[in-house]
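Visitor: So here's data.txt, just compact mmCIF, C-alpha atoms and all ligand atoms:
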```txt
# COMPACT_ATOMS: atom_id res chain seq x y z
CA MET A 154 -108.04 -4.35 -48.51
CA ARG A 155 -104.84 -5.99 -49.70
CA THR A 156 -104.27 -9.63 -50.69
CA GLN A 157 -101.81 -11.59 -52.81
CA VAL A 158 -104.21 -12.95 -55.45
CA GLY A 159 -107.57 -11.35 -56.24
CA ILE A 160 -109.93 -14.00 -57.61
CA ILE A 161 -113.07 -13.04 -59.52
CA GLY A 162 -115.82 -15.67 -59.41
CA SER A 163 -116.69 -18.42 -56.92
CA GLY A 164 -117.40 -21.22 -59.37
CA PRO A 165 -115.28 -24.38 -59.24
CA ALA A 166 -112.30 -22.60 -60.86
CA GLY A 167 -112.13 -19.66 -58.43
CA LEU A 168 -112.78 -21.71 -55.29
CA LEU A 169 -110.34 -24.49 -56.19
CA LEU A 170 -107.61 -21.95 -56.97
CA SER A 171 -108.20 -20.15 -53.69
CA GLN A 172 -108.06 -23.41 -51.74
CA LEU A 173 -104.88 -24.73 -53.44
CA LEU A 174 -103.12 -21.38 -52.94
CA HIS A 175 -104.10 -21.26 -49.28
CA LEU A 176 -102.59 -24.70 -48.70
CA GLN A 177 -99.34 -23.33 -50.15
CA GLY A 178 -99.41 -20.27 -47.88
CA ILE A 179 -100.67 -17.82 -50.53
CA GLU A 180 -103.64 -15.67 -49.56
CA SER A 181 -106.48 -14.66 -51.84
CA VAL A 182 -109.82 -12.88 -51.79
CA VAL A 183 -112.70 -14.24 -53.89
CA VAL A 184 -115.18 -11.67 -55.23
CA GLU A 185 -118.48 -13.11 -56.49
CA ARG A 186 -121.40 -11.31 -58.11
CA GLN A 187 -124.08 -13.71 -56.89
CA SER A 188 -125.24 -15.04 -53.53
CA ARG A 189 -124.01 -18.41 -52.34
CA GLU A 190 -127.52 -19.87 -52.69
CA TYR A 191 -127.56 -18.83 -56.34
CA VAL A 192 -124.14 -20.33 -57.05
CA LEU A 193 -125.19 -23.60 -55.40
CA GLY A 194 -128.46 -23.69 -57.33
CA ARG A 195 -126.76 -24.24 -60.69
CA ILE A 196 -126.76 -27.81 -61.99
CA ARG A 197 -123.88 -28.86 -64.21
CA ALA A 198 -122.31 -32.05 -65.55
CA GLY A 199 -120.93 -34.53 -63.05
CA VAL A 200 -118.14 -36.54 -64.68
CA ILE A 201 -114.67 -35.92 -63.21
CA GLU A 202 -111.44 -37.03 -64.90
CA GLN A 203 -108.62 -38.74 -62.98
CA GLY A 204 -106.45 -35.59 -63.05
CA ALA A 205 -109.21 -33.44 -61.60
CA VAL A 206 -109.94 -36.08 -58.94
CA ALA A 207 -106.25 -35.99 -57.95
CA LEU A 208 -106.33 -32.19 -57.78
CA LEU A 209 -109.44 -32.23 -55.56
CA ARG A 210 -107.58 -34.65 -53.29
CA GLU A 211 -104.59 -32.30 -53.21
CA ALA A 212 -107.03 -29.53 -52.29
CA GLN A 213 -108.27 -31.71 -49.39
CA VAL A 214 -111.88 -31.63 -50.56
CA HIS A 215 -112.13 -35.31 -51.48
CA GLU A 216 -113.73 -36.83 -48.41
CA ARG A 217 -117.39 -36.66 -49.45
CA MET A 218 -116.52 -37.29 -53.12
CA ASP A 219 -114.77 -40.53 -52.15
CA ARG A 220 -117.75 -41.54 -50.01
CA GLU A 221 -120.65 -40.55 -52.28
CA GLY A 222 -119.12 -40.41 -55.76
CA GLN A 223 -119.25 -43.41 -58.09
CA ILE A 224 -116.25 -44.73 -59.99
CA HIS A 225 -117.27 -45.54 -63.56
CA GLU A 226 -115.10 -47.81 -65.67
CA GLY A 227 -116.99 -47.32 -68.91
CA ILE A 228 -119.78 -45.58 -70.79
CA GLY A 229 -122.47 -46.71 -73.20
CA ILE A 230 -122.91 -45.58 -76.79
CA ALA A 231 -126.28 -46.53 -78.27
CA PHE A 232 -127.39 -46.32 -81.90
CA GLY A 233 -129.51 -48.36 -84.28
CA GLY A 234 -131.47 -49.78 -81.33
CA ARG A 235 -128.43 -51.30 -79.54
CA ARG A 236 -126.22 -50.22 -76.67
CA HIS A 237 -122.45 -50.79 -76.87
CA ARG A 238 -120.02 -50.44 -74.00
CA ILE A 239 -116.69 -48.63 -74.08
CA ASP A 240 -114.61 -50.31 -71.39
CA PHE A 241 -112.24 -47.66 -70.01
CA ARG A 242 -110.57 -50.03 -67.57
CA ALA A 243 -109.70 -52.62 -70.23
CA LEU A 244 -108.70 -50.06 -72.88
CA THR A 245 -106.72 -47.55 -70.83
CA GLY A 246 -106.61 -48.82 -67.22
CA SER A 247 -108.44 -45.64 -66.25
CA SER A 248 -111.87 -44.55 -65.00
CA VAL A 249 -113.89 -41.42 -64.17
CA MET A 250 -115.63 -40.24 -61.00
CA VAL A 251 -119.33 -39.45 -61.23
CA TYR A 252 -120.00 -36.73 -58.64
CA GLY A 253 -122.07 -33.58 -59.20
CA GLN A 254 -120.29 -30.34 -59.92
CA THR A 255 -122.69 -28.61 -57.53
CA GLU A 256 -121.47 -30.91 -54.76
CA ILE A 257 -117.83 -30.11 -55.57
CA THR A 258 -118.65 -26.41 -55.29
CA ARG A 259 -120.41 -27.03 -51.96
CA ASP A 260 -117.39 -28.98 -50.64
CA LEU A 261 -115.05 -26.18 -51.75
CA PHE A 262 -117.14 -23.47 -50.02
CA LYS A 263 -117.11 -25.55 -46.84
CA ALA A 264 -113.33 -25.99 -46.96
CA ARG A 265 -112.72 -22.28 -47.63
CA ASP A 266 -115.02 -21.34 -44.73
CA ALA A 267 -113.31 -23.82 -42.39
CA MET A 268 -109.90 -22.37 -43.24
CA GLY A 269 -111.01 -18.77 -42.82
CA GLY A 270 -111.02 -17.91 -46.54
CA THR A 271 -112.51 -14.57 -47.62
CA ILE A 272 -115.35 -14.87 -50.14
CA ILE A 273 -117.30 -11.69 -50.86
CA HIS A 274 -120.76 -12.41 -52.26
CA ASP A 275 -123.21 -10.04 -53.95
CA ALA A 276 -120.36 -7.86 -55.22
CA GLU A 277 -121.71 -5.52 -57.90
CA ASP A 278 -119.84 -3.73 -60.69
CA VAL A 279 -116.63 -5.71 -60.23
CA THR A 280 -113.96 -3.85 -62.22
CA LEU A 281 -110.33 -4.73 -62.92
CA HIS A 282 -107.70 -1.95 -62.95
CA ASP A 283 -104.09 -1.66 -64.10
CA VAL A 284 -103.77 -5.37 -64.97
CA ALA A 285 -100.86 -4.64 -67.32
CA THR A 286 -98.85 -3.05 -64.47
CA GLU A 287 -97.18 -4.56 -61.40
CA ALA A 288 -99.86 -3.11 -59.14
CA PRO A 289 -103.24 -4.38 -60.34
CA HIS A 290 -106.34 -3.86 -58.22
CA LEU A 291 -110.03 -4.50 -58.43
CA THR A 292 -113.03 -2.61 -57.18
CA TYR A 293 -116.58 -3.67 -56.45
CA ARG A 294 -119.70 -2.07 -55.05
CA LYS A 295 -121.92 -3.23 -52.21
CA GLY A 296 -124.93 -0.96 -51.80
CA ASP A 297 -123.56 2.60 -51.89
CA ASP A 298 -120.03 1.65 -50.88
CA VAL A 299 -117.23 1.03 -53.34
CA HIS A 300 -114.45 -1.25 -52.08
CA ARG A 301 -110.93 -1.71 -53.41
CA VAL A 302 -108.76 -4.83 -53.30
CA ASP A 303 -105.05 -4.36 -54.08
CA CYS A 304 -103.22 -7.49 -55.18
CA ASP A 305 -100.15 -8.90 -56.90
CA PHE A 306 -102.17 -10.85 -59.46
CA ILE A 307 -105.79 -11.20 -60.59
CA ALA A 308 -107.34 -14.54 -61.55
CA GLY A 309 -110.36 -14.13 -63.83
CA CYS A 310 -112.50 -17.14 -62.91
CA ASP A 311 -115.80 -15.41 -63.66
CA GLY A 312 -117.21 -17.70 -66.33
CA PHE A 313 -118.19 -16.98 -69.91
CA HIS A 314 -120.27 -13.88 -69.09
CA GLY A 315 -117.75 -12.37 -66.67
CA VAL A 316 -115.82 -9.09 -66.88
CA SER A 317 -112.24 -10.38 -66.81
CA ARG A 318 -111.91 -11.48 -70.43
CA ARG A 319 -113.42 -8.19 -71.60
CA THR A 320 -110.64 -6.30 -69.76
CA ILE A 321 -108.08 -7.65 -72.23
CA PRO A 322 -107.72 -5.10 -75.07
CA ALA A 323 -109.39 -6.14 -78.33
CA HIS A 324 -106.15 -5.92 -80.29
CA VAL A 325 -104.58 -8.52 -77.96
CA LEU A 326 -107.45 -11.00 -77.66
CA ARG A 327 -108.31 -13.55 -80.35
CA THR A 328 -111.50 -15.57 -80.05
CA TYR A 329 -112.66 -18.72 -81.81
CA GLU A 330 -116.27 -19.78 -81.68
CA LYS A 331 -118.72 -22.36 -82.97
CA VAL A 332 -122.39 -22.22 -82.08
CA TYR A 333 -124.43 -25.40 -82.62
CA PRO A 334 -127.94 -25.23 -84.08
CA PHE A 335 -129.65 -26.95 -81.12
CA GLY A 336 -129.77 -27.08 -77.32
CA TRP A 337 -130.00 -29.65 -74.53
CA LEU A 338 -133.13 -29.93 -72.43
CA GLY A 339 -132.08 -31.44 -69.07
CA VAL A 340 -134.19 -33.01 -66.34
CA LEU A 341 -133.15 -34.07 -62.84
CA SER A 342 -135.48 -36.59 -61.19
CA ARG A 343 -135.53 -38.65 -58.03
CA THR A 344 -135.65 -41.95 -59.91
CA PRO A 345 -133.15 -44.80 -60.26
CA PRO A 346 -130.94 -44.35 -63.37
CA VAL A 347 -131.97 -46.45 -66.38
CA SER A 348 -128.43 -47.78 -66.69
CA PRO A 349 -125.64 -47.91 -64.10
CA GLU A 350 -123.31 -46.17 -66.60
CA VAL A 351 -123.60 -42.87 -68.48
CA THR A 352 -125.05 -43.62 -71.95
CA TYR A 353 -124.90 -41.42 -75.05
CA ASN A 354 -127.73 -42.20 -77.50
CA HIS A 355 -127.69 -41.41 -81.22
CA HIS A 356 -131.20 -41.43 -82.69
CA GLU A 357 -132.87 -40.13 -85.82
CA ARG A 358 -135.17 -37.98 -83.63
CA GLY A 359 -132.10 -36.44 -81.98
CA PHE A 360 -129.49 -37.12 -79.32
CA ALA A 361 -130.35 -38.25 -75.77
CA LEU A 362 -128.12 -38.69 -72.72
CA CYS A 363 -128.79 -40.87 -69.70
CA SER A 364 -126.71 -39.86 -66.69
CA MET A 365 -127.02 -39.92 -62.93
CA ARG A 366 -126.01 -38.30 -59.66
CA SER A 367 -126.56 -41.33 -57.40
CA GLU A 368 -128.42 -44.64 -57.28
CA SER A 369 -131.67 -42.77 -56.74
CA LEU A 370 -131.07 -39.55 -58.67
CA SER A 371 -131.08 -39.44 -62.48
CA ARG A 372 -130.03 -36.77 -64.95
CA TYR A 373 -131.38 -37.02 -68.50
CA TYR A 374 -131.07 -34.78 -71.54
CA VAL A 375 -132.66 -34.63 -74.98
CA GLN A 376 -131.46 -32.58 -77.93
CA CYS A 377 -134.03 -29.82 -78.49
CA SER A 378 -134.60 -26.84 -80.74
CA LEU A 379 -133.04 -23.50 -79.85
CA ASP A 380 -136.52 -21.97 -80.08
CA ASP A 381 -137.94 -24.31 -77.42
CA ASP A 382 -138.63 -23.10 -73.92
CA VAL A 383 -139.07 -25.17 -70.79
CA GLY A 384 -142.79 -24.32 -70.65
CA GLN A 385 -143.31 -26.31 -73.85
CA TRP A 386 -141.85 -29.41 -72.20
CA PRO A 387 -144.13 -30.70 -69.42
CA ASP A 388 -142.69 -33.82 -67.74
CA ASP A 389 -144.85 -36.25 -69.75
CA ARG A 390 -143.65 -34.85 -73.05
CA PHE A 391 -140.03 -35.06 -71.88
CA TRP A 392 -140.31 -38.70 -70.76
CA ASP A 393 -142.13 -39.72 -73.98
CA GLU A 394 -139.47 -38.10 -76.13
CA LEU A 395 -136.61 -39.59 -74.10
CA ARG A 396 -138.17 -43.06 -74.29
CA ARG A 397 -138.49 -42.85 -78.07
CA ARG A 398 -134.76 -42.12 -78.40
CA LEU A 399 -133.56 -45.06 -76.25
CA PRO A 400 -132.98 -48.70 -77.31
CA GLU A 401 -136.07 -50.82 -76.64
CA ASP A 402 -134.87 -52.54 -73.46
CA ALA A 403 -133.84 -49.22 -71.91
CA ALA A 404 -137.13 -47.60 -72.96
CA ARG A 405 -139.02 -50.45 -71.29
CA THR A 406 -137.16 -50.22 -67.98
CA LEU A 407 -136.94 -46.42 -67.76
CA VAL A 408 -138.41 -45.25 -64.44
CA THR A 409 -140.03 -41.81 -64.70
CA GLY A 410 -141.08 -39.35 -62.01
CA PRO A 411 -141.61 -35.65 -61.40
CA SER A 412 -138.74 -33.42 -62.49
CA ILE A 413 -136.86 -31.63 -59.71
CA GLU A 414 -135.09 -29.34 -62.15
CA LYS A 415 -135.59 -28.67 -65.85
CA SER A 416 -133.58 -26.32 -68.02
CA ILE A 417 -132.43 -25.70 -71.58
CA ALA A 418 -128.79 -24.96 -72.40
CA PRO A 419 -127.39 -23.88 -75.76
CA LEU A 420 -124.27 -25.66 -77.07
CA ARG A 421 -121.18 -23.64 -77.88
CA SER A 422 -117.47 -24.12 -78.46
CA PHE A 423 -115.38 -21.03 -77.64
CA VAL A 424 -111.72 -20.28 -76.95
CA ALA A 425 -110.06 -16.96 -76.09
CA GLU A 426 -106.32 -16.54 -76.59
CA PRO A 427 -104.07 -15.67 -74.85
CA MET A 428 -105.24 -16.65 -71.38
CA ARG A 429 -102.91 -14.14 -69.74
CA HIS A 430 -102.58 -10.39 -70.07
CA GLY A 431 -99.97 -8.77 -67.81
CA ARG A 432 -100.95 -9.76 -64.29
CA LEU A 433 -104.40 -11.04 -65.24
CA PHE A 434 -104.82 -14.80 -65.73
CA LEU A 435 -108.05 -16.27 -67.11
CA ALA A 436 -109.12 -19.73 -65.94
CA GLY A 437 -112.12 -21.97 -66.68
CA ASP A 438 -115.22 -20.82 -68.56
CA ALA A 439 -113.88 -17.23 -68.59
CA ALA A 440 -111.46 -18.39 -71.30
CA HIS A 441 -113.20 -21.31 -72.97
CA ILE A 442 -116.53 -23.10 -73.37
CA VAL A 443 -117.14 -26.64 -74.57
CA PRO A 444 -120.46 -28.25 -75.50
CA PRO A 445 -121.44 -30.62 -72.66
CA THR A 446 -121.01 -33.78 -74.78
CA GLY A 447 -118.05 -35.44 -73.04
CA ALA A 448 -118.36 -33.37 -69.83
CA LYS A 449 -115.11 -31.47 -70.18
CA GLY A 450 -116.14 -28.06 -68.72
CA LEU A 451 -115.17 -28.59 -65.09
CA ASN A 452 -112.21 -30.75 -66.05
CA LEU A 453 -110.70 -27.96 -68.13
CA ALA A 454 -111.28 -25.48 -65.31
CA ALA A 455 -109.35 -27.90 -63.06
CA SER A 456 -106.36 -28.21 -65.41
CA ASP A 457 -106.16 -24.40 -65.82
CA VAL A 458 -106.15 -24.07 -62.03
CA TYR A 459 -103.44 -26.73 -61.78
CA TYR A 460 -101.15 -24.73 -64.12
CA LEU A 461 -102.01 -21.40 -62.51
CA SER A 462 -101.49 -22.56 -58.93
CA HIS A 463 -98.10 -24.05 -59.85
CA ALA A 464 -97.07 -20.84 -61.63
CA LEU A 465 -98.05 -18.69 -58.62
CA VAL A 466 -96.36 -21.02 -56.13
CA ALA A 467 -93.13 -20.86 -58.20
CA TRP A 468 -93.30 -17.05 -58.34
CA TYR A 469 -93.93 -16.59 -54.62
CA GLY A 470 -91.32 -19.24 -53.78
CA SER A 471 -88.39 -18.02 -55.83
CA GLY A 472 -89.53 -15.24 -58.12
CA ASP A 473 -89.34 -17.66 -61.05
CA THR A 474 -91.57 -16.45 -63.90
CA LYS A 475 -91.03 -19.43 -66.22
CA LEU A 476 -94.32 -21.19 -65.43
CA MET A 477 -96.22 -17.92 -65.43
CA ASP A 478 -94.86 -17.04 -68.86
CA ALA A 479 -95.83 -20.51 -70.14
CA TYR A 480 -99.29 -20.47 -68.49
CA SER A 481 -101.35 -19.61 -71.54
CA ASP A 482 -99.51 -22.05 -73.82
CA HIS A 483 -99.70 -24.89 -71.28
CA CYS A 484 -103.45 -24.41 -70.80
CA LEU A 485 -104.31 -23.91 -74.44
CA ARG A 486 -102.56 -27.08 -75.60
CA ARG A 487 -104.88 -29.06 -73.37
CA VAL A 488 -107.92 -26.84 -73.97
CA TRP A 489 -107.80 -27.30 -77.73
CA LYS A 490 -107.62 -31.08 -77.41
CA ALA A 491 -110.70 -31.07 -75.18
CA GLU A 492 -112.38 -28.65 -77.61
CA ARG A 493 -111.67 -31.10 -80.41
CA PHE A 494 -112.99 -34.05 -78.43
CA SER A 495 -116.21 -32.29 -77.35
CA TRP A 496 -116.81 -31.03 -80.89
CA TRP A 497 -116.20 -34.54 -82.26
CA MET A 498 -118.60 -36.22 -79.80
CA THR A 499 -121.21 -33.54 -80.46
CA THR A 500 -120.86 -33.95 -84.22
CA LEU A 501 -120.99 -37.72 -84.04
CA LEU A 502 -124.06 -38.02 -81.85
CA HIS A 503 -126.49 -35.19 -82.66
CA ARG A 504 -128.99 -34.77 -85.43
CA PHE A 505 -127.89 -32.09 -87.90
CA PRO A 506 -130.87 -31.70 -90.27
CA GLU A 507 -128.81 -29.55 -92.64
CA ASN A 508 -126.43 -32.48 -93.25
CA GLY A 509 -129.25 -34.56 -94.73
CA PRO A 510 -129.40 -38.35 -95.14
CA PHE A 511 -125.79 -38.51 -96.37
CA GLY A 512 -124.56 -36.93 -93.14
CA GLU A 513 -126.62 -39.39 -91.08
CA ARG A 514 -125.15 -42.40 -92.95
CA ILE A 515 -121.66 -41.08 -92.33
CA GLN A 516 -122.46 -40.79 -88.59
CA LEU A 517 -123.76 -44.37 -88.49
CA ALA A 518 -120.67 -45.63 -90.33
CA GLU A 519 -118.41 -43.86 -87.86
CA LEU A 520 -120.38 -45.20 -84.88
CA ASP A 521 -120.18 -48.72 -86.29
CA TYR A 522 -116.43 -48.28 -86.78
CA LEU A 523 -116.03 -46.85 -83.29
CA VAL A 524 -117.64 -49.71 -81.39
CA ASN A 525 -115.83 -52.36 -83.45
CA SER A 526 -112.35 -50.88 -83.49
CA LYS A 527 -110.12 -51.22 -80.45
CA ALA A 528 -108.04 -48.28 -81.72
CA ALA A 529 -111.08 -46.00 -82.05
CA MET A 530 -112.50 -47.06 -78.67
CA THR A 531 -109.11 -46.50 -77.05
CA ALA A 532 -108.93 -42.99 -78.50
CA LEU A 533 -112.36 -42.23 -77.06
CA ALA A 534 -111.50 -43.77 -73.68
CA GLU A 535 -108.20 -41.85 -73.46
CA ASN A 536 -109.86 -38.52 -74.13
CA TYR A 537 -112.93 -39.20 -71.99
CA THR A 538 -110.98 -40.24 -68.90
CA GLY A 539 -108.67 -37.25 -69.45
CA LEU A 540 -105.44 -36.45 -71.26
CA PRO A 541 -102.41 -35.87 -69.01
CA TYR A 542 -101.71 -32.40 -67.54
N1 LIG A 601 -118.14 -10.37 -61.03
C1 LIG A 601 -118.00 -11.33 -60.10
N2 LIG A 601 -118.34 -12.62 -60.31
C2 LIG A 601 -118.83 -12.94 -61.50
C3 LIG A 601 -118.99 -11.99 -62.53
C4 LIG A 601 -118.63 -10.64 -62.26
N3 LIG A 601 -118.77 -9.70 -63.19
N4 LIG A 601 -119.48 -12.60 -63.63
C5 LIG A 601 -119.65 -13.89 -63.29
N5 LIG A 601 -119.26 -14.12 -62.01
C6 LIG A 601 -119.29 -15.36 -61.27
C7 LIG A 601 -120.52 -16.21 -61.57
O1 LIG A 601 -121.63 -15.80 -60.79
C8 LIG A 601 -120.03 -17.59 -61.21
O2 LIG A 601 -120.30 -17.91 -59.86
O3 LIG A 601 -118.21 -16.16 -61.67
C9 LIG A 601 -118.53 -17.54 -61.42
C10 LIG A 601 -118.08 -18.38 -62.60
O4 LIG A 601 -118.33 -19.73 -62.33
P1 LIG A 601 -118.64 -20.84 -63.45
O5 LIG A 601 -119.55 -20.26 -64.46
O6 LIG A 601 -119.08 -22.06 -62.73
O7 LIG A 601 -117.24 -21.06 -64.18
P2 LIG A 601 -115.93 -21.85 -63.73
O8 LIG A 601 -115.61 -21.68 -62.29
O9 LIG A 601 -114.91 -21.52 -64.77
O10 LIG A 601 -116.35 -23.37 -63.86
C11 LIG A 601 -116.22 -24.09 -65.01
O11 LIG A 601 -118.31 -24.99 -64.27
O12 LIG A 601 -119.66 -23.34 -65.15
C12 LIG A 601 -119.36 -24.67 -65.20
O13 LIG A 601 -119.78 -25.58 -67.32
C13 LIG A 601 -118.85 -24.93 -66.54
O14 LIG A 601 -118.09 -27.04 -66.14
C14 LIG A 601 -117.66 -25.73 -66.26
C15 LIG A 601 -117.13 -25.28 -64.96
C1 LIG A 602 -124.38 -35.00 -66.53
O1 LIG A 602 -124.41 -35.94 -65.74
O2 LIG A 602 -125.02 -33.95 -66.30
C2 LIG A 602 -123.59 -35.13 -67.77
C3 LIG A 602 -122.86 -36.29 -68.00
C4 LIG A 602 -122.12 -36.42 -69.15
C5 LIG A 602 -122.10 -35.40 -70.08
C6 LIG A 602 -122.81 -34.23 -69.85
C7 LIG A 602 -123.58 -34.11 -68.69
O3 LIG A 602 -121.38 -35.53 -71.21
```
How does the structure come out when it is put into structure tokens?
Ligand code: APR
Ligand code: PHB
Guide:
Amino acid sequence: MRTQVGIIGSGPAGLLLSQLLHLQGIESVVVERQSREYVLGRIRAGVIEQGAVALLREAQVHERMDREGQIHEGIGIAFGGRRHRIDFRALTGSSVMVYGQTEITRDLFKARDAMGGTIIHDAEDVTLHDVATEAPHLTYRKGDDVHRVDCDFIAGCDGFHGVSRRTIPAHVLRTYEKVYPFGWLGVLSRTPPVSPEVTYNHHERGFALCSMRSESLSRYYVQCSLDDDVGQWPDDRFWDELRRRLPEDAARTLVTGPSIEKSIAPLRSFVAEPMRHGRLFLAGDAAHIVPPTGAKGLNLAASDVYYLSHALVAWYGSGDTKLMDAYSDHCLRRVWKAERFSWWMTTLLHRFPENGPFGERIQLAELDYLVNSKAAMTALAENYTGLPY
């Protein structure tokens, strides 16, 4: 098989790239290790920046998002028993869209299918070849048959555990990593959200997050130990712990119910540089990971895809390599700012036992400063709603 761009991975990064390229007359083949059901079974954050919303519109996958998504003009930050509001609209004139990442992926699959896009699922042993030459190709196995896809370029959109990044020789690749000493235990439940806006809660027992997918679907998280497993957290224990970490009025009005999904995720910051090697371009989680505090994962995947699609369109249009050559630098400038913001929010809001009482006082002083300083709130609002592309 031959195509213009071989895309590895059918997460939001791979599908969005494929869709944007198609609309510009550039053909691609998406090769995915998992089944579609598996890909659509993953639950991830659901806060979309303005820039990513605009890109989804450009990709013509905005119809259901505009209908079912919620526009949020602020978030809550709670500590010391009180909730404070950061007013995005007043501080920056901006807002975010609350719409599940799983739904975005579903909308993208639907659009690719409707436009005749090729997505190969259940592809085993995906391997990249000759990426440093002008004739890269990839191979994959289905049952006993090995297939080959020849292409002009390869986009590695295969997430943190994918093969693409590992194809870049060790002497070229630099990685930066921070692993946090705790995880997030998340629960999805068919209950009305405790607050109409996403609320980040600092508490001496540990961080808690109140989020939502719709008016009747809630998403909650509590900071947990890395040694915990889901079996140790029956629903009752989860709701009790969440309630204890919320301000009193929220704890009183919290509606609980059976969990529909429950999982534990570790928190990690990670960046790989450069994001390009020859004709291989990394995008999304394949190149960088952020802790979920601040919900930047999908938004960074979207900005990478923005830069990559523009670079490919310029190359196919006029042979211009300027944007392609600048791809890694363009992405990384934005990536590192989102890394900083996610690290900062994580550090500000979680319990770090090793920092002791001094560390906790410093956190409380910073929180107090944050919610009383227009400058500090504006900085948060600017980063949360998304820095420019
Ligand atoms: N071969 C083919 N496909 C692979 C391989 C492989 N060896 N390894 C992984 N994949 C697939 C995964 O099954 C997954 O469907 O690549 C896809 C990567 O998708 P995501 O992990 O969703 O990553 P990305 O598209 O970069 O999306 C970034 O989504 O994952 C969240 O938190 C993340 O918010 C971030 C955003
Ligand atoms: C979510 O809704 O799952 C969510 C929201 C905000 C975050 C992280 C996750 O910072």
Visitor: From the set A:Ala448, A:Leu407, A:Leu174, A:Val524, which residue has the shortest atom-to-atom contact distance to ligand LIG 601 (chain A), counting all atoms listed in the file?
Guide: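 Nearest to ligand LIG 601 (chain A): A:Ala448.
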Visitor: Find the distance between CA of Arg217 (chain A) and CA of Gly194 (chain A) and write it in Å to one decimal.
Guide: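 Spanning CA of Arg217 (chain A) to CA of Gly194 (chain A) is a straight-line distance of 18.8 Å.
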Visitor: Could you check the closest approach to His300 (chain A) for each of A:Leu208, A:Val184, A:Val316, A:Ile321 and tell me which residue wins, using only C-alpha atoms?
Guide: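 Selected residue with least distance to His300 (chain A): A:Val184.
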Visitor: Pick out the residues no farther than 7 Å from ligand LIG 601 (chain A), counting only C-alpha atoms and all ligand atoms, and list them as a PyMOL selection string.
Guide: chain A and resi 161-167+184-187+192+197-198+276-279+310-316+436-439+449-452+454
Visitor: Report the closest atom pair, with its distance in Å rounded to one decimal, for each residue of region 191-282 of chain A that has an atom no farther than 9 Å from region 364-382 of chain A; count only C-alpha atoms, sort by chain and then rising residue number, and write it as a Markdown table.
Guide:
```
| residue | atom | partner | partner_atom | distance |
| --- | --- | --- | --- | --- |
| A:Gly199 | CA | A:Arg366 | CA | 7.2 |
| A:Glu221 | CA | A:Ser367 | CA | 7.9 |
| A:Gly222 | CA | A:Ser367 | CA | 7.7 |
| A:Gln223 | CA | A:Ser367 | CA | 7.6 |
| A:Val251 | CA | A:Arg366 | CA | 7.0 |
| A:Tyr252 | CA | A:Arg366 | CA | 6.3 |
| A:Gly253 | CA | A:Arg366 | CA | 6.2 |
```
Visitor: Measure the distance from CA of Leu395 (chain A) to CA of Val200 (chain A) in Å and round it to one decimal.
Guide: 21.0 Å
Visitor: Could you check which of A:His215, A:His225, A:His355, A:His483 is closest to Glu202 (chain A), using all atoms listed in the file?
Guide: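 Nearest to Glu202 (chain A): A:His225.
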Visitor: Which one of A:Glu414, A:Asp240, A:Glu394, A:Asp275 sits closest to ligand LIG 602 (chain A) if you count all atoms listed in the file?
Guide: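 Of the candidates, the smallest distance to ligand LIG 602 (chain A) is held by A:Glu414.
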Visitor: Which of these, A:Ala455, A:Cys363, A:Ala418, A:Leu169, has the shortest distance to ligand LIG 602 (chain A) once you count all atoms listed in the file?
Guide: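 Among A:Ala455, A:Cys363, A:Ala418, A:Leu169, it is A:Cys363 that comes nearest to ligand LIG 602 (chain A).
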Visitor: Nearest to ligand LIG 602 (chain A): which of A:Thr538, A:Ser481, A:Thr446, A:Ser471 is it, counting all atoms listed in the file?
Guide: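 Closest candidate: A:Thr446.
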Visitor: Taking all atoms of ligand LIG 602 (chain A) that the file lists and extending 6 Å past them on each side, where is the centre of the axis-aligned box and how long are its edges? Answer in Å to one decimal, as AutoDock Vina command-line options.
Guide:
```
--center_x -123.2 --center_y -35.2 --center_z -68.5 --size_x 15.6 --size_y 14.5 --size_z 17.5
```
Visitor: Determine, counting all atoms listed in the file, which protein, DNA and RNA residues have an atom within 12 Å of an atom of Gly470 (chain A); residues of the same chain fewer than 4 positions away are not included. Present the result as a list in words.
Guide: Gln177, Gly178, Ile179, Ser462, His463, Ala464, Leu465, Val466 and Thr474 of chain A
